[in-house]
Amino acid sequence: MKKSEQLVADGMLSTAFDLHPRGVYLAWRVLLRIVMLIERHEGLPDNYEEEACEMARRAFELEPMNSMVLAACSNAALILQSDDYAGLEYAERSVQANPANPFAWDCLSMAALYNGRLNQAHRNQIRARNIAGNTPFGHWFDMGCAMTATTNGLVEEAIAWAHRSAATSPFFHPPLRYLIALYVHSGRMDQARDIVKRLKMMEPGFGISQL
């Protein structure tokens with residue numbers, strides 16, 4: 001989640017593709033750009049949306065049955081193109097390609113969320129978290145659970161998931177942003193202020209209005 005490491009990772013994936021042009025390398029670059037977008041990374045190129053969508057398209061051409069490729073295509077469709085139908089189609093194919101891939105269930109959860117199926121979104125995200133288990137990616141799925149719990153009005157559960165995510169990945173900003181909103185929503189202003197101070201130390205340009 002460190003910005004400097006994200007740029008290094010992107011360069012390594014680009015080199016990997018040049019040496020061995022597999023769609024999965026492009027898929028990880030797409031997902032990396034989405035992380036950089038969420039993290040408000042200043043290193044994103046101006047044409048990152050067009051670039052990421054083109055990489056997703058090319059990845060699908062190369063490996064249309066690869067679960068991670070399909071997950072990347074789903075995320076690109078949902079987040080970058082606002083295409084709920086394509087996002088759901090890719091997500092369903094991703095799960096079919098590999099039901100043991102937590103990223104597949106994560107994108108199926110997001111697709112359900114974008115299509116207004118809130119309960120299903122939360123169930124899918126919990127499944128993704130359970131599959132991920134005690135892996136280094138756990139914070140990503142904890143954050144997903146915080147998001148889907150929030151949309152279902154499960155405030156205390158959302159707070160618990162967000163704290164878990166923040167605890168296991170101190171450089172990950174989204175759980176802190178959610179905690180601010182959740183604490184304000186539930187009237188716990190002191191806790192919200194504490195999180196604001198913590199986030200400003202990590203992100204000096206952060207302001208409440210950005211939420």
# chains A, B, ... in the order shown; residues from 1 in each chain; ligands from 1
call {"tool": "select_by_dssp", "arguments": {"residues": "segment 11-165 of chain A", "states": "helix (DSSP H, G or I)", "output": "VMD selection string"}}
result
chain A and resid 11 to 19 23 to 38 48 to 62 67 to 80 84 to 97 102 to 114 118 to 132 138 to 151 155 to 165
call {"tool": "residues_around", "arguments": {"residues": "Cys53 of chain A", "least_positions_apart": "2", "cutoff": "10 Å", "atoms": "only C-alpha atoms", "output": "short mmCIF file (atom, residue, chain, number, x, y, z; two decimals) with N, CA, C and O atoms, in the first residue's frame"}}
result
data_model
loop_
_atom_site.label_atom_id
_atom_site.label_comp_id
_atom_site.auth_asym_id
_atom_site.auth_seq_id
_atom_site.Cartn_x
_atom_site.Cartn_y
_atom_site.Cartn_z
N VAL A 30 -4.08 -3.29 -13.94
CA VAL A 30 -5.40 -2.65 -13.86
C VAL A 30 -5.82 -2.51 -12.39
O VAL A 30 -6.23 -1.43 -11.95
N TYR A 48 -5.24 7.62 -17.05
CA TYR A 48 -5.24 6.32 -16.38
C TYR A 48 -6.52 5.52 -16.65
O TYR A 48 -6.47 4.29 -16.76
N GLU A 49 -7.66 6.18 -16.79
CA GLU A 49 -8.90 5.45 -17.04
C GLU A 49 -8.85 4.76 -18.40
O GLU A 49 -9.13 3.56 -18.51
N GLU A 50 -8.49 5.51 -19.41
CA GLU A 50 -8.39 4.94 -20.76
C GLU A 50 -7.32 3.86 -20.81
O GLU A 50 -7.53 2.80 -21.42
N GLU A 51 -6.19 4.12 -20.17
CA GLU A 51 -5.09 3.17 -20.16
C GLU A 51 -5.49 1.87 -19.46
O GLU A 51 -5.25 0.77 -19.97
N MET A 55 -5.90 -1.91 -21.02
CA MET A 55 -5.17 -3.06 -20.49
C MET A 55 -6.13 -4.18 -20.14
O MET A 55 -5.83 -5.37 -20.36
N ALA A 56 -7.29 -3.85 -19.59
CA ALA A 56 -8.29 -4.87 -19.26
C ALA A 56 -8.78 -5.56 -20.53
O ALA A 56 -8.94 -6.79 -20.57
N ARG A 57 -9.02 -4.76 -21.57
CA ARG A 57 -9.49 -5.34 -22.83
C ARG A 57 -8.45 -6.29 -23.40
O ARG A 57 -8.77 -7.40 -23.83
N ARG A 58 -7.19 -5.86 -23.38
CA ARG A 58 -6.11 -6.69 -23.92
C ARG A 58 -5.90 -7.94 -23.07
O ARG A 58 -5.67 -9.04 -23.60
N ALA A 59 -6.02 -7.80 -21.76
CA ALA A 59 -5.87 -8.96 -20.87
C ALA A 59 -6.95 -10.00 -21.17
O ALA A 59 -6.67 -11.21 -21.19
N ALA A 72 -10.27 -8.29 -12.85
CA ALA A 72 -9.79 -6.96 -13.25
C ALA A 72 -10.74 -6.30 -14.24
O ALA A 72 -11.02 -5.10 -14.15
N CYS A 73 -11.25 -7.07 -15.18
CA CYS A 73 -12.21 -6.54 -16.16
C CYS A 73 -13.48 -6.07 -15.46
O CYS A 73 -14.06 -5.03 -15.81
N ASN A 75 -13.75 -4.99 -12.30
CA ASN A 75 -13.46 -3.75 -11.58
C ASN A 75 -13.33 -2.56 -12.52
O ASN A 75 -13.79 -1.46 -12.21
N ALA A 76 -12.70 -2.78 -13.66
CA ALA A 76 -12.56 -1.70 -14.64
C ALA A 76 -13.93 -1.25 -15.13
O ALA A 76 -14.20 -0.05 -15.25
N ALA A 77 -14.80 -2.22 -15.42
CA ALA A 77 -16.14 -1.88 -15.91
C ALA A 77 -16.94 -1.11 -14.85
O ALA A 77 -17.59 -0.10 -15.16
N LEU A 80 -14.37 2.27 -13.41
CA LEU A 80 -13.86 3.23 -14.39
C LEU A 80 -14.84 3.56 -15.50
O LEU A 80 -14.78 4.63 -16.09
N GLN A 81 -15.76 2.62 -15.79
CA GLN A 81 -16.69 2.83 -16.90
C GLN A 81 -18.14 2.96 -16.46
O GLN A 81 -19.01 3.23 -17.30
#
call {"tool": "residues_around", "arguments": {"residues": "segment 176-189 of chain A", "least_positions_apart": "3", "cutoff": "7 Å", "atoms": "only C-alpha atoms", "output": "list in words"}}
result
Val155, Ile159, Ala162, Ala166, His173, Ala192, Arg193, Ile195, Val196 and Leu199 of chain A
call {"tool": "write_last_selection", "arguments": {"atoms": "C-alpha atoms", "output": "PDB file, in the first residue's frame"}}
result
ATOM      1  CA  VAL A 155     -22.859   0.418  11.626  1.00  0.00           C
ATOM      2  CA  ILE A 159     -16.741  -0.089  12.411  1.00  0.00           C
ATOM      3  CA  ALA A 162     -12.781  -1.013   9.271  1.00  0.00           C
ATOM      4  CA  ALA A 166      -6.623  -0.395   9.434  1.00  0.00           C
ATOM      5  CA  HIS A 173      -6.374   4.968   3.883  1.00  0.00           C
ATOM      6  CA  ALA A 192     -14.124  10.802  14.603  1.00  0.00           C
ATOM      7  CA  ARG A 193     -11.695  13.634  15.452  1.00  0.00           C
ATOM      8  CA  ILE A 195      -9.299   9.356  13.199  1.00  0.00           C
ATOM      9  CA  VAL A 196      -9.130  12.685  11.333  1.00  0.00           C
ATOM     10  CA  LEU A 199      -5.441  10.330   8.639  1.00  0.00           C
TER      11      LEU A 199
END
call {"tool": "closest_atom_pairs", "arguments": {"of": "segment 59-93 of chain A", "to": "segment 18-23 of chain A", "cutoff": "12 Å", "atoms": "only C-alpha atoms", "output": "CSV"}}
result
residue,atom,partner,partner_atom,distance
A:Ala59,CA,A:Gly23,CA,3.8
A:Phe60,CA,A:Gly23,CA,6.6
A:Glu61,CA,A:Gly23,CA,7.6
A:Leu62,CA,A:Gly23,CA,5.2
A:Glu63,CA,A:Gly23,CA,5.4
A:Pro64,CA,A:Gly23,CA,8.4
A:Met65,CA,A:Gly23,CA,10.2
A:Asn66,CA,A:Gly23,CA,8.2
A:Ser67,CA,A:Gly23,CA,10.7
A:Met68,CA,A:Gly23,CA,9.1
A:Val69,CA,A:Gly23,CA,6.6
A:Leu70,CA,A:Gly23,CA,9.9
A:Ala71,CA,A:Gly23,CA,11.9
A:Ala72,CA,A:Gly23,CA,10.2
A:Cys73,CA,A:Gly23,CA,10.9
call {"tool": "residues_around", "arguments": {"residues": "Thr168 of chain A", "least_positions_apart": "3", "cutoff": "10 Å", "atoms": "only C-alpha atoms", "output": "PyMOL selection string"}}
result
chain A and resi 136-140+142+163-165+171-172
call {"tool": "atom_distance", "arguments": {"atom1": "atom CA of Cys145 of chain A", "atom2": "atom CA of Ala121 of chain A"}}
result
9.1 Å
call {"tool": "closest_residue", "arguments": {"among": "A:Leu113, A:Leu32, A:Leu26, A:Met147", "to": "Val8 of chain A", "atoms": "only C-alpha atoms"}}
result
A:Leu32
call {"tool": "residues_around", "arguments": {"residues": "Cys107 of chain A", "least_positions_apart": "2", "cutoff": "8 Å", "atoms": "only C-alpha atoms", "output": "PyMOL selection string"}}
result
chain A and resi 71+74-75+91+103-105+109-111
call {"tool": "write_last_selection", "arguments": {"atoms": "N, CA and C atoms", "output": "compact mmCIF listing (two decimals), in the first residue's frame"}}
result
# COMPACT_ATOMS: atom_id res chain seq x y z
N ALA A 71 -11.64 -10.71 -13.01
CA ALA A 71 -11.87 -9.83 -11.87
C ALA A 71 -11.42 -8.40 -12.20
N SER A 74 -13.92 -6.82 -14.44
CA SER A 74 -15.11 -6.43 -13.69
C SER A 74 -14.89 -5.12 -12.97
N ASN A 75 -13.75 -4.99 -12.30
CA ASN A 75 -13.46 -3.75 -11.58
C ASN A 75 -13.33 -2.56 -12.52
N ALA A 91 -17.70 -10.49 -13.35
CA ALA A 91 -17.58 -11.01 -11.99
C ALA A 91 -18.10 -12.44 -11.90
N PHE A 103 -10.60 -12.69 -4.78
CA PHE A 103 -10.79 -11.48 -5.58
C PHE A 103 -12.00 -11.63 -6.51
N ALA A 104 -12.30 -12.86 -6.90
CA ALA A 104 -13.49 -13.11 -7.73
C ALA A 104 -14.76 -12.80 -6.94
N TRP A 105 -14.81 -13.28 -5.69
CA TRP A 105 -15.97 -13.02 -4.85
C TRP A 105 -16.05 -11.54 -4.46
N SER A 109 -19.15 -9.24 -5.24
CA SER A 109 -19.77 -8.43 -4.20
C SER A 109 -19.97 -7.00 -4.67
N MET A 110 -18.93 -6.42 -5.27
CA MET A 110 -19.03 -5.04 -5.76
C MET A 110 -20.06 -4.92 -6.87
N ALA A 111 -20.12 -5.94 -7.73
CA ALA A 111 -21.11 -5.92 -8.81
C ALA A 111 -22.52 -5.95 -8.24
call {"tool": "residues_around", "arguments": {"residues": "Ala9 of chain A", "least_positions_apart": "2", "cutoff": "12 Å", "atoms": "only C-alpha atoms", "output": "PyMOL selection string"}}
result
chain A and resi 1-7+11-16+25-26+28-33+36
call {"tool": "atom_distance", "arguments": {"atom1": "atom CA of Val95 of chain A", "atom2": "atom CA of Arg127 of chain A"}}
result
11.6 Å
call {"tool": "atom_distance", "arguments": {"atom1": "atom CA of Gly207 of chain A", "atom2": "atom CA of Gln191 of chain A"}}
result
16.4 Å
